[in-house]
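Peer 1: Next up is a structure, given as structure tokens.
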Amino acid sequence: MKLIIGFIVLWPLIGFLFNGLGRNIWNKKVIAYKATGYIVMSFIFSILTFLNVQSKGAITVHYFDFINTAGFKIPFDLKVDALSSLFLLVITGVGSLIHLYSTAYMKDEEAPHYARYFAYLNLFVFSMLLLVLGDNYVIMFIGWEGVGLCSYLLIGYWFTNATYNYAAKKAFIMNRIGDLGFLLAIFWLIVKLGTVSYGSVLTAESLAKLSTTDITAITLLLFVGAMGKSAQIPLYTWLPDAMAGPTPVSALIHAATMVTAGIYMITRSNILFSASELTQHVVAIVGISTALLAATIAIKQNDIKKVLAYSTVSQLGYMFLGLGVGAYSGAVFHVITHAFFKALLFLGAGSVIHAMHHEQDIRKMGGLKSKLPITHITFLIGCIAIAGVPPFSGFFSKDEILAAAFAKNPIYWGLGVIGAAMTAFYMFRLYATTFLGQFRGTDEQAHHLHESPSAMTLPLILLAVASAIAGAIGIPALMGGNHWLSHQLVPIIGETKEVALSHSTEWALMGASVGIAISTLLIAINRYKRQADEVPQTALGKFLYNKWYVDELYNAVIVQPLNRFAGFLKEVIEKNIIDGAVNGTGKIVQYSARKIRLVQNGQVGYYILFIVLGIIVLFLCWFNDITITRFFTNLIK
Amino acid sequence: MNTLEILFYALSAFAIVSAVMVLVSKNPIHSVLWLILVFFAISGHYILLNAQFLAIVNIIVYAGAIMVLFLFVIMLMNVKSDKEPQKKMIIKFIGVFSGGSLLTLLIALVKQTTQLEGKQVLMKEGTIGLIHPLGKALFNDYVLPFEISSVLFLSAMVGAVIIGKK
Amino acid sequence: MLLLSTLCIPFIAAIILLFVKHNEKANYVAIASSGVTMALAFNIAYNGAANFDADWILSINARFVLSVDGLAKILVLLTGISFPAILIATSKNEIKNRNQFLSLMLFTQTGLLGVFLAGDALLFYFFWELALIPVYFLCSIWGGEKRIAITFKFFIYTFLGSLFMLIGIILVYSNTPDHSFLIESFKHASLTNGQQLAAFALFFTAFAIKMPIFPLHTWQPDAYEQSPTAVTMVLSAVMVKMGLYGVIRWLMPLFPAAFASHEKFVVVLSLIGVIYASFIAIRQDDVKRLIAYSSIAHIGLMSAAIFTNTTVGMQGVFIQLFSHGINVLGLWIIADVIEQQTGTRSMNTLGGLAKKQPTLAILLVGFAFANIALPLTNAFVGEFLMFNAIFQFNPWMAAFAGVSVVLAAIYTLNMVQKVAYGNVSDATNLMQAPNKSAQFVLIVLLSIVFVTGVYPQVLFNITSDTLQQLFVK
Amino acid sequence: MNAIIVSTLLGVIMMFVSWGTSSQKLQRNIGLVGMLILIAANVAQLNGWLSVNFDTKGMLAFNPIGLFVNTILFLITFIYLWINGEELDKIGKHTADYYAIFFFILCGVSILTSFNNLLMLFIGIEILSIPLYILTGADKKNLFSNEASLKYFLMGSFSTGILLLGIAFIYGATGSFHLTMPVLNPVNKMPVQHFLMSAGLLLLFVSMNFKVSAAPFHFWTPDVYDGAPTVFTPFMATVVKAAGFVAFIKVFEVQRIAIGYTTWIIILPFVIISTLLVGNITAVFQRSVKRMLAYSSIAQAGFMLFALYGNSIFNNEALILYIVAYSLATIGVFAVLIKMKDYSIESFNGLAKQYPVLAFLTTLFLFSLAGIPLTAGFFAKYYMLNAIFTAGAGIWLLIIAILFAAVSVYYYFKVVQAMYFVDGTPAIHSIEKNYERKLWVIAIILLVLGVFPGLLFNYLYF
Amino acid sequence: MPIQYYIFFCLTLFSIGVVGVLTRRNAIIVFMCIELMLNAVNLLLVAFSKMHNGTALQLMPGSTAGIDAQIFVFFIMVVAAAEVSVGLAIIVMMYRNTHSVDINFLNRLKN
């Protein structure tokens, strides 16, 4: 077992080294096969592990001591339990599909860069696996920063483009801010508990050791980390920009896996979070407000990937809402389903973009329904799934979260439903403008329009199926299902408290949300199936179109002032004050030199006069023996 | 007030006056002559103190040899009295002032010296000033310095040669 | 004996070099000697070495004592590794009178090794200065256009600092029971509180200037910028460690009371320096200055960690002493290759390195991320432990210092972006065939970065024993 | 005793050599041989092999330290003459006479290292000074030389006046010229407060300060060192000054308590600090290396004055080491300087290119003056600081000292920079290998003492 | 005759000498003033010698205490003579070159 688990992590690493070092050696075929093959391998191993966990329960394996010194040690342990094994499947599964997809999508790149791309991708999978498999927060943190690195590298994959690099940098730095919080939380744990292994931290007795302030602080700091990684307010702005990366990357990293790391981390440490009322409220509020904010923005975006990006942010908001209201299983459920349908949507978008020769503006599309049948169908399924229309997967997961939210506080539910409605609206706005109506692009684009190769469509189909049926793993008791997932997660999150709602209310809520969702999506369809919407004129429209001017705000309030501050330090403090003091001393010496030497004026008369005066001074010194010497002796003694 | 005291005061006054004259007289030659008078006065003091040997030597060496040497040199360069420029008044004043303050300091200090209270100087008695004991002392205890001072003269001689030779 | 030979080999080689006029031969001699030194250094680090003890100056009872503890081992190892690396990496550079250059370099190495090995205060001071003087000449002769004034400032600054230390040595020496300079008898010196405070201040001034700690740092960026890069490497990879070494080996054990009473002061000072330097680094356009300021920030963090006076922090520092040396060395070598080939250090005129020389760009990215302490690089281990220590010391300070983590990311990525990415600029276009020897060194260093980053125990094992001794109170 | 007699005899002999032979080379060699004889004679007495002794009636008292200093100073003089021999000939036609004068001066030196009576102090100082007036003025056609010698003479004799007044006061107080222990108050073991005595000692202090050119009595130094023929300056700045210091210490190591300890620890730091200040600060601005060295010699004197701070074996060690380090380095630097066409710093530009060895040697000498490790100068300074600290000086004094040491680095290194880092053609006369070899001797001594300063004292103890 | 009187008198002469040195510009006069100082000291020494001699005689008749001061004076005269010879030689040399003995013109060496 130890080996298998080890190799789940190692395969992608091998792939990374293989492609990274051999980037000038192998031809694209080899690269593609190897890269995908390694991920598939670790997918297979993951399945084995999963089954093993199913049968035998959680496993922790120790490899070596990462840090073992000065009385505290951080072992390099990996742990597979229900939660991580699920994530394993998602990561490696979706991962391998996306690798497959990429082989075709990236085929225009020349070999070395092709290799680089897959190397990054493999490295990402490696770090992600480390993140979910680590048995303590430090290993998690290693993966945590690792994925950040890979997302940086992949967003900036086309490195000659300055804006892409800027986006990459932005992503990394914002993640870093979050990571700082995470790091501080880890230190706090170390100081209080002396260990960071889940096994010893996430237990009742260690919980007892911590005061409420400790718990609140730790959880909040952890949440800051999650904010960064999972693009929550206020650290969400990097994710839309991250769409600069190749589309498969957006699908894998910025939709399916990396961005859900925050959810994984919080679910992992749910004991802590449940113990702090305050934090839960914060999480919930941040989550829901992110969901709404992103949704409103998504309504007015015209870049196909931007829309998806904001919808991702919004969906992540839902997950955090779920976490905030204690519906951990719901959150995880949504993670899984979202992984499927959002990956699907991105890949679909990718296929569209591929067909449109890297045209991303939906206003120049339209009527692709006939040209790209498979893409169209799968995309539609994705949209329905995300819109939360039964019986597609999105419905179940979202509904579970909403139900829990209602139980916690109806306002959450209300907002959630509004968000759901907007989701349905912008998704179908996107769908309609892209696939319905007639084609609005240039003729030669129209001439080249064609369905993508099978390497791209196959993942689409598989993911479509998955996002259609994935709901099955969490059919609520209400519908006669026995929520398999929540039973799965019992060892992690304990028995889900029975949602204290009568069935009738549940049905009512469900109906309401579904009804609203469907009606809005219909509105969206017939509003946009004819024409795309123009550059907005209304104030509100502009406001949304410009993403609430958040980037501008950050720039004005944070970036510029800091920049100016740095400039002030460099130009004024450093140059004039600190260095000035040093040089000033030298100047003083030279000045006094110029003055003192004038005493030596060449006149014997003066010299002798000075001698006489010197004698007088000495005598005076000695006369005032009594007075002066007291002073000096005190000085010397 | 016996004759000794009278002599003492007279000589002192005379010495001081002529010393001052050395400073104030414009013409260098006059200064030399005044200085010679000072030396005479001092020799007079020596005689008062019954140090005849020193008195004679003082007359011979200083008033005789040294001062004549000065005189020669001055005449040799015949520095005109009117030619000699004066220092600025302020400088002079500072000079006088600092000299005066030095004097006051020293005097104040001597006044404070308790050990000197009532110490008398032996006038016109005592034999130590005479040639006989001096000679004894010089060639017994002080023979080494006496010899070594010859080195001084030798070096001075060499020096004079080096400097003086064209 | 081993220690003595470690000291002598570079010294003798330096003297020989003065008479080897031929450039290539000179290179071989220098590299060979530094290679042997490295081998010995490894031997010392992992097998230890017996003390060397001989009479030196009887009249004041100063002895020629060489000894190693874990700390010294780490630094000797660093010195041993960095010198061949530097010499090989810069072996292609255009240097007039190469043999004199190399010989001075090796003299510097002698001085550095001496500082780390000396077990006698006077000897320590002696080598302390000896390490400085060759650097003065190296910088002033082979440096940039403003070299003379800048190097002179650097020299006077550090020289004055070390003179303070000299007074401190006199102060302690005259209070030692057996009037000797041995570190043991220094530890047992009977000092009144006032004296201890004074001595602490005197020693600390010297070390603080050397490290340097804000606000005594202004000599450093200029010196780094103006000196030939090979020397800059020595300065920032090894020489700044002298200050930290001094603090741990001499300041801490000698004046525990004064040390304890000044922890907060120094920690705060250092952390201010960290943030300050990071901010300034953001605004730098010159690659060398940027690295210089980032190095100031890192050093500041280390000194802060030392003064938290915690085992964890100290362990972190031990690791970081080594790691920072390796990382900054890598960065300098890259900067040097770029400057050599493009003739400029201004980041705005660079760009597109990844297209022109992919390998170098990859190495640059690697070291850049090591510089910002990404996990699984060596720096992470050290910084993790050090931040941990600062957090134990005072959470708020840790949070404050943590800002530097973000700032480091900002300026380092700025550099990477401007140098490596974007379209190929005219300057970058001038780059010819990649500098193989430099790349070889870089690859070796990078592998060290990752090996020690993934399995830091290799370094922990060296220092663990010293750590215990340091904290048996 | 040997030294005094032999040096006198040699002096006399040299006076007549110039009649015997007109070949300057021969005269020079006779002089050098004479030096060797002198050294041998002194060493003979130091080791008690052979010494002419008769009752000096307490005028002189010979102790190992004094004789040892004698030896050192003679050796330094020998090296000085050995290196500067040719240059000496260039000043007038009086080689033999110069040697005679040197021997007379050395006679004065050996008196000053062994006097036990203020009369001998007086005579010794005069024997030391009067020939120097002459040497300063030896370059007769050179107005600077003349001016220097006249200034030196006037101020020198003025300070003699002060010295004599001081001696008179002391005599008035004690009734004797011998350096006896001052009368102690039986109660508190402190000397009885005797104002006349103290005043006398103060005046003595002043004139001794004048001789060792300590501020504010230093004014003659820069002008005289600058104006005097370059070949003589190092001798004045080293041997003579060193002798002055030895005499200074001999007087005050016993008598200082008679001034009153508290007074002492006011006036001495006052003098020391002002000396360091004037010397170092003023040297910073000089363009002429010769004049810069003159000021630096004032600064070094300030450092040597520390030896008076306390009286312990450390002080003597420190002073001896300092004398050796400082004298040799100064002689070395001047030996290079004398080869320069003009003495401006610019004339050193690019010396390292043309004469690498010479440049290296000069650097070494300057390092020693600046007190950089590996040279004797470092240990000289170290011993000095250590000595005064043991003598109970406050740290503040040490800090002031090192601050000025740092300043001194500033101006010494200006020359180094000129030689190494500034391009240009040095304004220097051609140097033959032999000359460099001679300088190597100094350099090696400095280096050896810079690593093993103990060698110097082992002679004293073992 | 009390010793103070002699001391005061000698000090006065001495100070006059000092003042002369400070106020006159003619090198020779300056030198003469210095000689004046020396003479003042001589007289002071003799006075002291007689003082000590006086006190000694009261204890033990025929004592020659204080004689050394007079010897000292003798030596001072000797030295003074030597000094004068050299000094005047220097002054003459100076005069040869500059045709002046004005010390205010001795300012080629300065700063």
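FYI, nothing fancy with the structure tokens labels: chains A, B, ... in order, residues from 1 per chain, ligands from 1 as they appear.
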Please provide as a VMD selection string all residues within 10 Å of stretch 82-93 of chain E, with the sequence filter that same-chain residues fewer than 4 positions apart are discarded (counting only C-alpha atoms).
Peer 2: (chain B and resid 66 to 67 69 to 70 73 to 74 76 to 77 149 152 to 166) or (chain D and resid 126 129 to 131 133 to 134 137 to 138 140 to 141 143 146 to 147 149 to 150 153 to 154 157) or (chain E and resid 27 to 28 31 to 32 35 76 to 78 97 to 101)
Peer 1: Set out as JSON lines a contact list for chain A and chain C with a cut-off of 7 Å, giving each residue of chain A that qualifies its closest atom pair and distance in Å to one decimal, counting only C-alpha atoms, ordered by chain and rising residue number.
Peer 2:
```
{"residue": "A:Phe66", "atom": "CA", "partner": "C:Tyr455", "partner_atom": "CA", "distance": 6.1}
{"residue": "A:Ile67", "atom": "CA", "partner": "C:Gln457", "partner_atom": "CA", "distance": 6.8}
{"residue": "A:Thr69", "atom": "CA", "partner": "C:Phe460", "partner_atom": "CA", "distance": 6.9}
{"residue": "A:Ala70", "atom": "CA", "partner": "C:Val312", "partner_atom": "CA", "distance": 5.8}
{"residue": "A:Ile142", "atom": "CA", "partner": "C:Pro375", "partner_atom": "CA", "distance": 5.1}
{"residue": "A:Glu145", "atom": "CA", "partner": "C:Pro375", "partner_atom": "CA", "distance": 6.8}
{"residue": "A:Phe159", "atom": "CA", "partner": "C:Tyr421", "partner_atom": "CA", "distance": 5.2}
{"residue": "A:Thr160", "atom": "CA", "partner": "C:Gly422", "partner_atom": "CA", "distance": 3.9}
{"residue": "A:Asn161", "atom": "CA", "partner": "C:Gly422", "partner_atom": "CA", "distance": 5.8}
{"residue": "A:Ala162", "atom": "CA", "partner": "C:Gly422", "partner_atom": "CA", "distance": 5.7}
{"residue": "A:Asn165", "atom": "CA", "partner": "C:Gln417", "partner_atom": "CA", "distance": 6.7}
{"residue": "A:Lys169", "atom": "CA", "partner": "C:Leu413", "partner_atom": "CA", "distance": 6.6}
{"residue": "A:Ile173", "atom": "CA", "partner": "C:Ala409", "partner_atom": "CA", "distance": 6.4}
{"residue": "A:Arg176", "atom": "CA", "partner": "C:Val406", "partner_atom": "CA", "distance": 5.9}
{"residue": "A:Ile177", "atom": "CA", "partner": "C:Val406", "partner_atom": "CA", "distance": 6.1}
{"residue": "A:Leu180", "atom": "CA", "partner": "C:Gly402", "partner_atom": "CA", "distance": 6.5}
{"residue": "A:Phe187", "atom": "CA", "partner": "C:Asn388", "partner_atom": "CA", "distance": 5.6}
{"residue": "A:Val191", "atom": "CA", "partner": "C:Gln392", "partner_atom": "CA", "distance": 6.3}
{"residue": "A:Ala566", "atom": "CA", "partner": "C:Phe279", "partner_atom": "CA", "distance": 5.0}
{"residue": "A:Gly567", "atom": "CA", "partner": "C:Arg283", "partner_atom": "CA", "distance": 6.3}
{"residue": "A:Leu569", "atom": "CA", "partner": "C:Ile280", "partner_atom": "CA", "distance": 6.4}
{"residue": "A:Lys570", "atom": "CA", "partner": "C:Ile280", "partner_atom": "CA", "distance": 5.3}
{"residue": "A:Ile578", "atom": "CA", "partner": "C:Pro215", "partner_atom": "CA", "distance": 6.7}
{"residue": "A:Asp579", "atom": "CA", "partner": "C:Thr218", "partner_atom": "CA", "distance": 5.7}
```
Peer 1: I'd like to know which of D:Gly392, D:Pro426, D:Gly302, D:Pro216 is closest to D:Pro356, using only C-alpha atoms.
Peer 2: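 Closest to D:Pro356 of all the choices is D:Pro426.
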Peer 1: List as a list in words the protein and nucleic acid residues near D:Tyr383, meaning an atom at most 9 Å away when only C-alpha atoms are counted, but skip any in the same chain fewer than 2 places from it.
Peer 2: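 The neighbour list is Phe314, Asn315, Glu317, Ala318, Leu319, Leu321, Tyr322, Phe378, Phe379, Ala380, Lys381, Leu385, Asn386, Ala387 and Ile388 of chain D.
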Peer 1: Please determine the contact residues of chain E with respect to chain B at a cut-off of 6 Å, counting only C-alpha atoms, and supply them as JSON, numbers by chain.
Peer 2: {"E": [1, 2, 3, 15, 19, 20, 22, 23, 50, 51, 54, 64, 67, 82, 86]}
Peer 1: If you count only C-alpha atoms, which residues fall within 9 Å of E:Cys10, apart from same-chain ones fewer than 3 positions away, as a list in words?
Peer 2: Tyr5, Tyr6, Ile7, Leu13, Phe14, Ser15, Met37, Asn39, Ala40, Val41, Asn42, Leu43 and Leu44 of chain E
Peer 1: When you get a sec, could you note down which chain D residues fall within 6 Å of chain E, using only C-alpha atoms, as number ranges by chain?
Peer 2: D: 146-147, 161, 165, 168, 172, 223
Peer 1: Could you make a table, as a tab-separated table, of the residues of chain D that have an atom within 9 Å of an atom of chain C, each with its nearest atom pair and distance in Å to one decimal, counting only C-alpha atoms, in chain and number order?
Peer 2:
```
residue	atom	partner	partner_atom	distance
D:Ile372	CA	C:Glu129	CA	7.8
D:Pro373	CA	C:Phe126	CA	6.2
D:Leu374	CA	C:Phe126	CA	7.7
D:Tyr382	CA	C:Leu166	CA	8.1
D:Leu385	CA	C:Ile170	CA	7.8
D:Asn386	CA	C:Ile170	CA	6.0
D:Phe389	CA	C:Leu171	CA	7.6
D:Thr390	CA	C:Ser174	CA	6.9
D:Ile395	CA	C:Ile167	CA	8.0
D:Leu398	CA	C:Ile167	CA	7.0
D:Ile399	CA	C:Phe164	CA	7.3
D:Ile402	CA	C:Leu163	CA	6.4
D:Leu403	CA	C:Leu160	CA	7.1
D:Ala405	CA	C:Leu160	CA	8.4
D:Ala406	CA	C:Leu160	CA	5.9
D:Val407	CA	C:Ile156	CA	8.5
D:Val409	CA	C:Ile156	CA	7.4
D:Tyr410	CA	C:Ile156	CA	7.4
D:Phe413	CA	C:Phe152	CA	8.6
D:Gln417	CA	C:Ile148	CA	7.5
D:Tyr420	CA	C:Ile141	CA	7.2
D:Phe421	CA	C:Ile141	CA	5.7
D:Val422	CA	C:Ile148	CA	8.9
D:Val451	CA	C:Trp56	CA	8.4
D:Phe452	CA	C:Ile57	CA	6.2
D:Pro453	CA	C:Ile57	CA	6.9
D:Gly454	CA	C:Ile57	CA	5.3
D:Leu455	CA	C:Ile57	CA	8.3
D:Phe457	CA	C:Ser59	CA	7.6
D:Asn458	CA	C:Ser59	CA	7.8
```
Peer 1: Go through D:Glu346, D:Asp226, D:Glu253, D:Asp423 and flag the residue nearest chain A, using only C-alpha atoms for the distances.
Peer 2: D:Asp226
Peer 1: To test your reading of the structure, identify every residue in stretch 9-224 of chain A that backbone DSSP assigns to strand (DSSP E or B), and report it as a list in words.
Peer 2: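 After running DSSP on the backbone, stretch 9-224 of chain A has strand (DSSP E or B) at Ile59, Thr60, Val61, His62, Tyr63, Phe64, Asp65, Phe66, Ile67, Asn68, Thr69, Phe72, Lys73, Ile74, Pro75, Phe76, Asp77, Leu78, Lys79, Val80, Gly134, Asn136 and Ser197 of chain A.
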Peer 1: Can I get the selected residues back with N, CA, C and O atoms, as a JSON list (two decimals), in the first residue's frame?
Peer 2:
```
[["chain", "number", "residue", "atom", "x", "y", "z"],
["A", 59, "ILE", "N", -5.80, 5.10, 5.77],
["A", 59, "ILE", "CA", -4.41, 4.61, 5.91],
["A", 59, "ILE", "C", -3.49, 5.83, 6.02],
["A", 59, "ILE", "O", -3.67, 6.82, 5.31],
["A", 60, "THR", "N", -2.52, 5.73, 6.93],
["A", 60, "THR", "CA", -1.47, 6.74, 6.99],
["A", 60, "THR", "C", -0.13, 6.04, 6.79],
["A", 60, "THR", "O", 0.13, 5.02, 7.42],
["A", 61, "VAL", "N", 0.67, 6.58, 5.88],
["A", 61, "VAL", "CA", 1.98, 5.95, 5.66],
["A", 61, "VAL", "C", 3.07, 6.98, 5.91],
["A", 61, "VAL", "O", 2.93, 8.15, 5.54],
["A", 62, "HIS", "N", 4.13, 6.54, 6.56],
["A", 62, "HIS", "CA", 5.24, 7.43, 6.90],
["A", 62, "HIS", "C", 6.41, 7.16, 5.96],
["A", 62, "HIS", "O", 6.80, 6.02, 5.77],
["A", 63, "TYR", "N", 6.95, 8.20, 5.36],
["A", 63, "TYR", "CA", 8.09, 8.00, 4.44],
["A", 63, "TYR", "C", 9.40, 8.42, 5.10],
["A", 63, "TYR", "O", 10.28, 7.62, 5.34],
["A", 64, "PHE", "N", 9.52, 9.71, 5.43],
["A", 64, "PHE", "CA", 10.72, 10.14, 6.17],
["A", 64, "PHE", "C", 10.37, 11.40, 6.95],
["A", 64, "PHE", "O", 9.27, 11.95, 6.80],
["A", 65, "ASP", "N", 11.29, 11.82, 7.81],
["A", 65, "ASP", "CA", 11.04, 13.04, 8.56],
["A", 65, "ASP", "C", 11.46, 14.23, 7.73],
["A", 65, "ASP", "O", 12.63, 14.36, 7.35],
["A", 66, "PHE", "N", 10.50, 15.07, 7.43],
["A", 66, "PHE", "CA", 10.84, 16.27, 6.65],
["A", 66, "PHE", "C", 11.70, 17.18, 7.51],
["A", 66, "PHE", "O", 12.82, 17.53, 7.14],
["A", 67, "ILE", "N", 11.17, 17.54, 8.67],
["A", 67, "ILE", "CA", 11.97, 18.30, 9.62],
["A", 67, "ILE", "C", 11.94, 17.55, 10.93],
["A", 67, "ILE", "O", 10.87, 17.18, 11.41],
["A", 68, "ASN", "N", 13.12, 17.27, 11.47],
["A", 68, "ASN", "CA", 13.15, 16.60, 12.76],
["A", 68, "ASN", "C", 14.31, 17.18, 13.53],
["A", 68, "ASN", "O", 15.45, 16.78, 13.38],
["A", 69, "THR", "N", 14.00, 18.20, 14.32],
["A", 69, "THR", "CA", 15.10, 18.87, 15.02],
["A", 69, "THR", "C", 14.57, 19.65, 16.19],
["A", 69, "THR", "O", 13.38, 19.95, 16.28],
["A", 72, "PHE", "N", 11.14, 19.42, 17.77],
["A", 72, "PHE", "CA", 9.85, 19.27, 17.10],
["A", 72, "PHE", "C", 10.06, 18.72, 15.70],
["A", 72, "PHE", "O", 11.05, 19.04, 15.04],
["A", 73, "LYS", "N", 9.15, 17.82, 15.31],
["A", 73, "LYS", "CA", 9.36, 17.13, 14.04],
["A", 73, "LYS", "C", 8.14, 17.24, 13.16],
["A", 73, "LYS", "O", 7.01, 17.32, 13.64],
["A", 74, "ILE", "N", 8.40, 17.31, 11.89],
["A", 74, "ILE", "CA", 7.32, 17.30, 10.90],
["A", 74, "ILE", "C", 7.58, 16.13, 9.98],
["A", 74, "ILE", "O", 8.47, 16.17, 9.13],
["A", 75, "PRO", "N", 6.87, 15.02, 10.19],
["A", 75, "PRO", "CA", 7.10, 13.84, 9.36],
["A", 75, "PRO", "C", 6.55, 14.06, 7.96],
["A", 75, "PRO", "O", 5.64, 14.86, 7.75],
["A", 76, "PHE", "N", 7.15, 13.38, 7.01],
["A", 76, "PHE", "CA", 6.61, 13.41, 5.65],
["A", 76, "PHE", "C", 5.66, 12.23, 5.52],
["A", 76, "PHE", "O", 6.04, 11.15, 5.10],
["A", 77, "ASP", "N", 4.42, 12.43, 5.96],
["A", 77, "ASP", "CA", 3.43, 11.34, 5.95],
["A", 77, "ASP", "C", 2.36, 11.63, 4.91],
["A", 77, "ASP", "O", 2.05, 12.78, 4.65],
["A", 78, "LEU", "N", 1.84, 10.58, 4.34],
["A", 78, "LEU", "CA", 0.68, 10.71, 3.46],
["A", 78, "LEU", "C", -0.47, 9.95, 4.09],
["A", 78, "LEU", "O", -0.28, 8.95, 4.77],
["A", 79, "LYS", "N", -1.67, 10.45, 3.86],
["A", 79, "LYS", "CA", -2.85, 9.84, 4.50],
["A", 79, "LYS", "C", -3.95, 9.75, 3.45],
["A", 79, "LYS", "O", -4.24, 10.72, 2.78],
["A", 80, "VAL", "N", -4.48, 8.57, 3.30],
["A", 80, "VAL", "CA", -5.68, 8.45, 2.46],
["A", 80, "VAL", "C", -6.84, 8.05, 3.35],
["A", 80, "VAL", "O", -6.75, 7.07, 4.11],
["A", 134, "GLY", "N", -1.36, 14.92, 2.00],
["A", 134, "GLY", "CA", -0.51, 15.21, 3.15],
["A", 134, "GLY", "C", -1.23, 14.90, 4.45],
["A", 134, "GLY", "O", -2.44, 15.11, 4.58],
["A", 136, "ASN", "N", -0.30, 16.23, 7.32],
["A", 136, "ASN", "CA", -0.25, 17.36, 8.26],
["A", 136, "ASN", "C", -0.25, 18.65, 7.47],
["A", 136, "ASN", "O", -0.08, 18.66, 6.25],
["A", 197, "SER", "N", 0.12, 17.47, 12.76],
["A", 197, "SER", "CA", -0.48, 16.31, 12.11],
["A", 197, "SER", "C", -1.98, 16.28, 12.39],
["A", 197, "SER", "O", -2.41, 16.55, 13.50]]
```
Peer 1: Tell me, as number ranges by chain, which residues lie within 9 Å of D:Gly200, counting only C-alpha atoms; anything in the same chain fewer than 2 positions away does not count.
Peer 2: D: 163, 165-171, 173, 195-198, 202-205, 259
Peer 1: Enumerate as a ChimeraX atom specification all residues of chain E assigned to helix (DSSP H, G or I) by DSSP on the backbone, naming them with the chain letters and numbers the document uses.
Peer 2: /E:3-23,27-59,67-98,103-105
Peer 1: Could you please select, counting only C-alpha atoms, the residues of chain A within 7 Å of chain D and state them as a ChimeraX atom specification?
Peer 2: /A:589-590,593-594,596-597,600,604,607-608,610-611,614-615,618,622,625,629,632,636
Peer 1: With C-alpha atoms kept, could you save the residues just selected as a short mmCIF file (atom, residue, chain, number, x, y, z; two decimals), in the first residue's frame?
Peer 2:
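This is the output file result-v1.cif:
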```cif
data_model
loop_
_atom_site.label_atom_id
_atom_site.label_comp_id
_atom_site.auth_asym_id
_atom_site.auth_seq_id
_atom_site.Cartn_x
_atom_site.Cartn_y
_atom_site.Cartn_z
CA VAL A 589 35.61 65.57 8.98
CA GLN A 590 36.73 67.12 5.73
CA ALA A 593 40.06 69.59 8.33
CA ARG A 594 39.83 72.59 6.05
CA ILE A 596 41.60 73.48 11.58
CA ARG A 597 44.55 73.60 9.26
CA GLN A 600 48.75 76.48 11.34
CA VAL A 604 56.16 81.72 14.74
CA TYR A 607 52.81 79.39 17.49
CA ILE A 608 54.55 80.62 20.60
CA PHE A 610 49.53 79.18 21.38
CA ILE A 611 52.17 77.51 23.51
CA GLY A 614 48.34 76.15 26.26
CA ILE A 615 50.39 76.55 29.42
CA LEU A 618 46.84 73.58 31.69
CA TRP A 622 44.96 72.26 37.50
CA ASP A 625 41.37 70.54 40.18
CA THR A 629 38.34 66.60 38.39
CA PHE A 632 36.14 63.83 35.01
CA ILE A 636 36.07 57.81 34.08
#
```
